[in-house]
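Enquirer: My questions will all concern the structure given below.
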Amino acid sequence: MSESVDKYADIRPYNDDEVADSVARLIADNAFVDVIAKYNLPRFLSNFPFITRPLVRSQLRKKWGNTASVEQVQHEVADYLNKLITRTTSEVTFSGIDKLDPKQAYLFISNHRDIVLDPALVNWGLFKHNMPTVRIAIGDNLLQIPYITELMRLNKSFIVKRSAKAPKEMLKALSQLSAYIYDSLSEGHSIWIAQKEGRAKDGFDQTDPALLKMLQLQGRKQKKEFAEYVRELKIVPVSISYQYEPCAIAKAKELYHKQQHGQYVKQQGEDIASIVEGFSTAKGHVHLAFGEPIESGCESPEELAKTIDQQIVDSFFLHPGNYIAGGCTQAVIDEKDAAAFNERIAKVPEELKPLVLAMYAKPFHRKAELATSESK
């Protein structure tokens, strides 16, 4: 990267020459080492950090001590993802990815169901198809713990400053973000960003036009028409569908709390708990549908949002649970799959059942609505 990109130093991922120092900081971080110990060593040892920390540090130095490039980090992440996919999914499938040009940088805009898994699985698909992995947009709300910041920036993540509140400060942060995305694409680096801030906790995948207005800030600076600038960005919608919705009960609890009390305030560490739950729980079959680069239907942010939504809804892969929750009796559903879904729903607390079922039903109903509107 050229020196001029130093203007992004506070938000960009680490460069190769910063990797070794970042790894050293991670190995020295007691909180990080304790988390590794918690999930990899016998439980009774967790009360004895004077035993576990030297053990974990020794293993980490052996495994990561010579890591000195972003590419090496990507291979480590790929190995971890391979194990995670084997352990927590029945299969991960892809469509549309083979139609993309490996030499072209794309702006992937996807629906958002899991904090870290969504972009990780997009990267997994690209990696498996011998395409470069993406730079990942991540909100600064997730970076309150130093080791999380290190891990994210090592893994090609750049920071979206959501905590900026004053109008001037917000505009400055959004302009920097818009310019960073444009410059990354211009230099041949693909980008992943969610279609809106936060996960779709109710199963309703919808693009926020405000996100698209942020992208246009750099286009406006270049005095380009919105549609012209959008075509230059090579926006590819991605539709991610999980057979078993990650963190479904936690999402339903948040929605239920909002219904009962009007608002929901996240507890400290809740996002980290969601990341761990998303990684560790069974997800069944996961499908990622990569759309086509958007060339039309993009005259305004609102029209572009509809075009992205149409591709995401249209290509969303419906699993047995989506059909069952949607009340579709015509679908041919394997008895085992139906039994597994019903067993899962039976374990949901009674007051949360309608919300969890609605979460699964929403994609089915939206797809049906889209098919009806297209046939008119």
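Simple scheme: letters A, B, ... for chains in structure tokens order, numbers from 1 for residues in each chain, numbers from 1 for ligands in the order shown.
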List the spatial neighbours of stretch 38-44 of chain A as JSON, numbers by chain - criterion: any atom at most 12 Å away, only C-alpha atoms, same-chain residues fewer than 3 positions off excluded.

Expert: {"A": [31, 32, 33, 34, 35, 47, 48, 49, 51, 52, 53, 55, 56, 59, 276, 280]}

Enquirer: Please list as a tab-separated table (two decimals) with C-alpha atoms, in the first residue's frame every residue within 6 Å of A:Leu107, counting only C-alpha atoms and excluding residues in the same chain fewer than 4 positions away.

Expert:
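Heads up, here's the output in around38.tsv:
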```tsv
chain	number	residue	atom	x	y	z
A	190	SER	CA	-12.98	-6.68	-2.76
A	191	ILE	CA	-15.12	-5.45	0.14
A	234	LYS	CA	-19.43	-3.43	-9.06
A	235	ILE	CA	-21.99	-4.15	-6.33
```

Enquirer: Grab the atom CA of A:Val348 to atom CA of A:Ala252 distance for me, in Å with one decimal place.

Expert: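 Separating atom CA of A:Val348 from atom CA of A:Ala252 is a distance of 9.7 Å.
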
Enquirer: Let me make sure I understand: among A:Gln259, A:Asn155, A:Thr89, A:Thr133, which one has the smallest atom-to-atom distance to A:Leu355 if we use only C-alpha atoms?

Expert: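 Smallest separation from A:Leu355 among the options: A:Gln259.
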
Enquirer: Rank nothing, just name the residue among A:Leu304, A:Ile272, A:Ile193, A:Ala289 nearest to A:Phe226, using only C-alpha atoms.

Expert: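 Counting only C-alpha atoms, the residue closest to A:Phe226 is A:Leu304.
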
Enquirer: As a PyMOL selection string, please: the residues near A:Asn66 (cut-off 8 Å, only C-alpha atoms, same-chain neighbours under 3 positions excluded).

Expert: chain A and resi 20+61+63

Enquirer: Please produce a file of the residues just selected, as a compact mmCIF listing (two decimals), in the first residue's frame, where the atoms kept are N, CA, C and O atoms.

Expert:
```txt
# COMPACT_ATOMS: atom_id res chain seq x y z
N ALA A 20 3.42 -9.13 12.66
CA ALA A 20 4.23 -9.75 13.73
C ALA A 20 4.01 -9.06 15.08
O ALA A 20 3.84 -9.73 16.11
N ARG A 61 2.94 -19.47 20.56
CA ARG A 61 4.24 -19.10 19.95
C ARG A 61 4.66 -20.14 18.92
O ARG A 61 5.19 -19.80 17.87
N LYS A 63 2.65 -22.08 17.22
CA LYS A 63 1.73 -22.05 16.07
C LYS A 63 1.82 -20.75 15.27
O LYS A 63 1.81 -20.76 14.05
```

Enquirer: What lies within 9 Å of A:Pro119 using only C-alpha atoms, ignoring chain neighbours under 6 positions off, as a list in words?

Expert: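 My list of contacting residues is Ser110, His112, Val134, Ile136, Ala137, Trp192, Ile193 and Ala194 of chain A.
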
Enquirer: Please return as a PyMOL selection string: the residues of stretch 143-252 of chain A that backbone DSSP assigns to strand (DSSP E or B).

Expert: chain A and resi 157-160+191-194+235-242

Enquirer: Which residue gives the smallest distance to A:Ser175 among A:Pro246, A:Gly219, A:Pro354, A:Pro237, with only C-alpha atoms counted?

Expert: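 Under the stated criterion, the closest residue is A:Gly219.
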
Enquirer: Which of these residues is nearest to A:Lys172, using only C-alpha atoms: A:Met359, A:Ala331, A:Leu143, A:Leu217?

Expert: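 Smallest separation from A:Lys172 among the options: A:Leu217.
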
Enquirer: Against stretch 367-372 of chain A, which residues of stretch 259-322 of chain A fall within 12 Å? For each one I want the closest pair of atoms and the distance in Å (one decimal), counting only C-alpha atoms, rows by chain and increasing residue number, as a tab-separated table.

Expert:
```
residue	atom	partner	partner_atom	distance
A:Lys306	CA	A:Leu370	CA	11.4
A:Thr307	CA	A:Leu370	CA	11.9
A:Asp309	CA	A:Leu370	CA	10.2
A:Gln310	CA	A:Leu370	CA	7.7
A:Gln311	CA	A:Leu370	CA	10.3
A:Ile312	CA	A:Lys367	CA	9.6
A:Val313	CA	A:Lys367	CA	5.9
A:Asp314	CA	A:Lys367	CA	6.1
A:Ser315	CA	A:Lys367	CA	8.8
A:Phe316	CA	A:Lys367	CA	8.0
A:Phe317	CA	A:Lys367	CA	9.9
A:Leu318	CA	A:Lys367	CA	9.1
A:Asn322	CA	A:Lys367	CA	10.8
```

Enquirer: Choose the residue, out of A:Phe290, A:Tyr180, A:Tyr264, A:Tyr244, that has the smallest atom-to-atom separation from A:Leu100; count only C-alpha atoms.

Expert: A:Phe290

Enquirer: Counting only C-alpha atoms, what are the residues of stretch 266-326 of chain A within 8 Å of stretch 114-118 of chain A, and for each of them which pair of atoms is the nearest and at what distance in Å, to one decimal? Sort the table by chain and rising number, as JSON lines.

Expert:
```
{"residue": "A:Ser274", "atom": "CA", "partner": "A:Ile115", "partner_atom": "CA", "distance": 7.5}
{"residue": "A:Ile275", "atom": "CA", "partner": "A:Ile115", "partner_atom": "CA", "distance": 6.2}
{"residue": "A:Gly278", "atom": "CA", "partner": "A:Asp114", "partner_atom": "CA", "distance": 6.5}
{"residue": "A:Phe279", "atom": "CA", "partner": "A:Leu117", "partner_atom": "CA", "distance": 7.1}
```

Enquirer: Could you take the residues named above and write them with N, CA, C and O atoms, as a CSV table (one decimal), in the first residue's frame?

Expert:
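Generated file (result19.csv):
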```csv
chain,number,residue,atom,x,y,z
A,274,SER,N,-22.6,-13.5,21.5
A,274,SER,CA,-23.2,-13.9,20.2
A,274,SER,C,-22.3,-14.4,19.2
A,274,SER,O,-22.6,-15.4,18.5
A,275,ILE,N,-21.0,-13.8,19.1
A,275,ILE,CA,-20.0,-14.4,18.2
A,275,ILE,C,-19.7,-15.8,18.6
A,275,ILE,O,-19.6,-16.7,17.7
A,278,GLY,N,-22.6,-18.1,17.7
A,278,GLY,CA,-22.7,-18.3,16.3
A,278,GLY,C,-21.7,-19.3,15.8
A,278,GLY,O,-22.0,-20.1,14.9
A,279,PHE,N,-20.5,-19.2,16.4
A,279,PHE,CA,-19.4,-20.1,16.0
A,279,PHE,C,-19.7,-21.6,16.4
A,279,PHE,O,-19.4,-22.5,15.7
```

Enquirer: Quick one, how far is atom CA of A:Pro54 from atom CA of A:Ile36?

Expert: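 Between atom CA of A:Pro54 and atom CA of A:Ile36 the gap is 11.9 Å.
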
Enquirer: Pick the closest to A:His365 from A:Lys353, A:Pro167, A:Asp205, A:Val236: which is it, counting only C-alpha atoms?

Expert: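 Result for the nearest residue to A:His365: A:Asp205.
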
Enquirer: Among stretch 210-252 of chain A, which residues carry a DSSP assignment of helix (DSSP H, G or I), reported as a list in words?

Expert: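 Going through stretch 210-252 of chain A, the helix (DSSP H, G or I) residues come out as Ala210, Leu211, Leu212, Lys213, Met214, Leu215, Gln216, Leu217, Gln218, Gly219, Arg220, Lys221, Phe226, Ala227, Glu228, Tyr229, Val230, Arg231, Glu232, Leu233, Ala248, Ile249, Ala250, Lys251 and Ala252 of chain A.
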
Enquirer: Output N, CA and C atoms for every residue in that selection, as a JSON list (two decimals), in the first residue's frame.

Expert:
```json
[["chain", "number", "residue", "atom", "x", "y", "z"],
["A", 210, "ALA", "N", -29.52, 4.52, 3.61],
["A", 210, "ALA", "CA", -28.49, 5.36, 4.24],
["A", 210, "ALA", "C", -27.09, 4.78, 3.98],
["A", 211, "LEU", "N", -26.98, 3.44, 3.95],
["A", 211, "LEU", "CA", -25.70, 2.79, 3.64],
["A", 211, "LEU", "C", -25.25, 3.18, 2.23],
["A", 212, "LEU", "N", -26.18, 3.21, 1.30],
["A", 212, "LEU", "CA", -25.88, 3.51, -0.10],
["A", 212, "LEU", "C", -25.56, 4.99, -0.28],
["A", 213, "LYS", "N", -26.17, 5.83, 0.54],
["A", 213, "LYS", "CA", -25.84, 7.27, 0.51],
["A", 213, "LYS", "C", -24.41, 7.48, 1.02],
["A", 214, "MET", "N", -24.01, 6.67, 2.01],
["A", 214, "MET", "CA", -22.63, 6.75, 2.50],
["A", 214, "MET", "C", -21.65, 6.39, 1.37],
["A", 215, "LEU", "N", -21.95, 5.33, 0.62],
["A", 215, "LEU", "CA", -21.07, 4.93, -0.49],
["A", 215, "LEU", "C", -20.91, 6.05, -1.50],
["A", 216, "GLN", "N", -22.00, 6.81, -1.72],
["A", 216, "GLN", "CA", -22.02, 7.87, -2.73],
["A", 216, "GLN", "C", -21.23, 9.11, -2.34],
["A", 217, "LEU", "N", -20.87, 9.25, -1.06],
["A", 217, "LEU", "CA", -20.14, 10.46, -0.63],
["A", 217, "LEU", "C", -18.87, 10.67, -1.46],
["A", 218, "GLN", "N", -18.16, 9.58, -1.72],
["A", 218, "GLN", "CA", -16.93, 9.69, -2.53],
["A", 218, "GLN", "C", -17.28, 9.97, -3.99],
["A", 219, "GLY", "N", -18.39, 9.41, -4.47],
["A", 219, "GLY", "CA", -18.84, 9.67, -5.84],
["A", 219, "GLY", "C", -19.23, 11.12, -6.04],
["A", 220, "ARG", "N", -19.87, 11.67, -5.01],
["A", 220, "ARG", "CA", -20.28, 13.08, -5.08],
["A", 220, "ARG", "C", -19.04, 13.98, -5.13],
["A", 221, "LYS", "N", -18.02, 13.59, -4.37],
["A", 221, "LYS", "CA", -16.76, 14.34, -4.36],
["A", 221, "LYS", "C", -16.14, 14.35, -5.77],
["A", 226, "PHE", "N", -25.13, 9.26, -9.53],
["A", 226, "PHE", "CA", -25.27, 8.11, -8.63],
["A", 226, "PHE", "C", -25.16, 6.78, -9.39],
["A", 227, "ALA", "N", -25.94, 6.63, -10.47],
["A", 227, "ALA", "CA", -25.96, 5.36, -11.22],
["A", 227, "ALA", "C", -24.60, 5.04, -11.82],
["A", 228, "GLU", "N", -23.93, 6.06, -12.32],
["A", 228, "GLU", "CA", -22.59, 5.88, -12.92],
["A", 228, "GLU", "C", -21.62, 5.38, -11.85],
["A", 229, "TYR", "N", -21.68, 5.98, -10.68],
["A", 229, "TYR", "CA", -20.77, 5.62, -9.59],
["A", 229, "TYR", "C", -21.06, 4.19, -9.11],
["A", 230, "VAL", "N", -22.35, 3.84, -9.01],
["A", 230, "VAL", "CA", -22.75, 2.50, -8.56],
["A", 230, "VAL", "C", -22.19, 1.44, -9.51],
["A", 231, "ARG", "N", -22.29, 1.68, -10.81],
["A", 231, "ARG", "CA", -21.78, 0.71, -11.80],
["A", 231, "ARG", "C", -20.27, 0.52, -11.64],
["A", 232, "GLU", "N", -19.60, 1.61, -11.27],
["A", 232, "GLU", "CA", -18.15, 1.57, -11.06],
["A", 232, "GLU", "C", -17.79, 0.71, -9.84],
["A", 233, "LEU", "N", -18.65, 0.71, -8.83],
["A", 233, "LEU", "CA", -18.39, -0.03, -7.59],
["A", 233, "LEU", "C", -18.53, -1.54, -7.75],
["A", 248, "ALA", "N", -30.86, -17.74, 17.47],
["A", 248, "ALA", "CA", -32.30, -17.48, 17.29],
["A", 248, "ALA", "C", -32.99, -17.08, 18.60],
["A", 249, "ILE", "N", -32.70, -17.80, 19.69],
["A", 249, "ILE", "CA", -33.39, -17.51, 20.96],
["A", 249, "ILE", "C", -32.94, -16.15, 21.51],
["A", 250, "ALA", "N", -31.64, -15.86, 21.41],
["A", 250, "ALA", "CA", -31.13, -14.56, 21.89],
["A", 250, "ALA", "C", -31.76, -13.42, 21.09],
["A", 251, "LYS", "N", -31.91, -13.60, 19.78],
["A", 251, "LYS", "CA", -32.54, -12.57, 18.94],
["A", 251, "LYS", "C", -34.01, -12.39, 19.35],
["A", 252, "ALA", "N", -34.69, -13.53, 19.56],
["A", 252, "ALA", "CA", -36.11, -13.47, 19.95],
["A", 252, "ALA", "C", -36.28, -12.80, 21.31]]
```

Enquirer: Find the residues around A:Arg87 up to 10 Å (only C-alpha atoms counted), leave out those fewer than 4 positions away in its own chain, and share them as an MDAnalysis selection string.

Expert: chainID A and resid 81:83 279:283

Enquirer: Based on the selection just made, write N, CA, C and O atoms of those residues as a short mmCIF file (atom, residue, chain, number, x, y, z; two decimals), in the first residue's frame.

Expert:
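Generated output (part-v1.cif):
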```
data_model
loop_
_atom_site.label_atom_id
_atom_site.label_comp_id
_atom_site.auth_asym_id
_atom_site.auth_seq_id
_atom_site.Cartn_x
_atom_site.Cartn_y
_atom_site.Cartn_z
N LEU A 81 -11.71 -22.21 9.91
CA LEU A 81 -13.06 -22.26 9.33
C LEU A 81 -13.39 -23.66 8.83
O LEU A 81 -14.53 -24.12 8.96
N ASN A 82 -12.40 -24.32 8.25
CA ASN A 82 -12.60 -25.69 7.76
C ASN A 82 -13.06 -26.59 8.90
O ASN A 82 -14.03 -27.35 8.77
N LYS A 83 -12.39 -26.47 10.05
CA LYS A 83 -12.76 -27.28 11.23
C LYS A 83 -14.14 -26.89 11.73
O LYS A 83 -14.96 -27.75 12.07
N PHE A 279 -20.47 -19.21 16.36
CA PHE A 279 -19.41 -20.14 15.96
C PHE A 279 -19.68 -21.56 16.42
O PHE A 279 -19.44 -22.51 15.69
N SER A 280 -20.16 -21.70 17.66
CA SER A 280 -20.16 -23.02 18.29
C SER A 280 -21.42 -23.87 18.08
O SER A 280 -21.37 -25.08 18.22
N THR A 281 -22.56 -23.25 17.74
CA THR A 281 -23.80 -24.03 17.65
C THR A 281 -24.03 -24.61 16.25
O THR A 281 -23.49 -24.12 15.27
N ALA A 282 -24.87 -25.64 16.20
CA ALA A 282 -25.17 -26.31 14.93
C ALA A 282 -25.96 -25.39 14.00
O ALA A 282 -26.90 -24.74 14.43
N LYS A 283 -25.56 -25.36 12.74
CA LYS A 283 -26.22 -24.48 11.76
C LYS A 283 -26.88 -25.26 10.62
O LYS A 283 -27.53 -24.68 9.77
#
```

Enquirer: Take atom CA of A:Tyr256 and atom CA of A:Glu351 and report the distance between them in Å, one decimal.

Expert: 8.1 Å
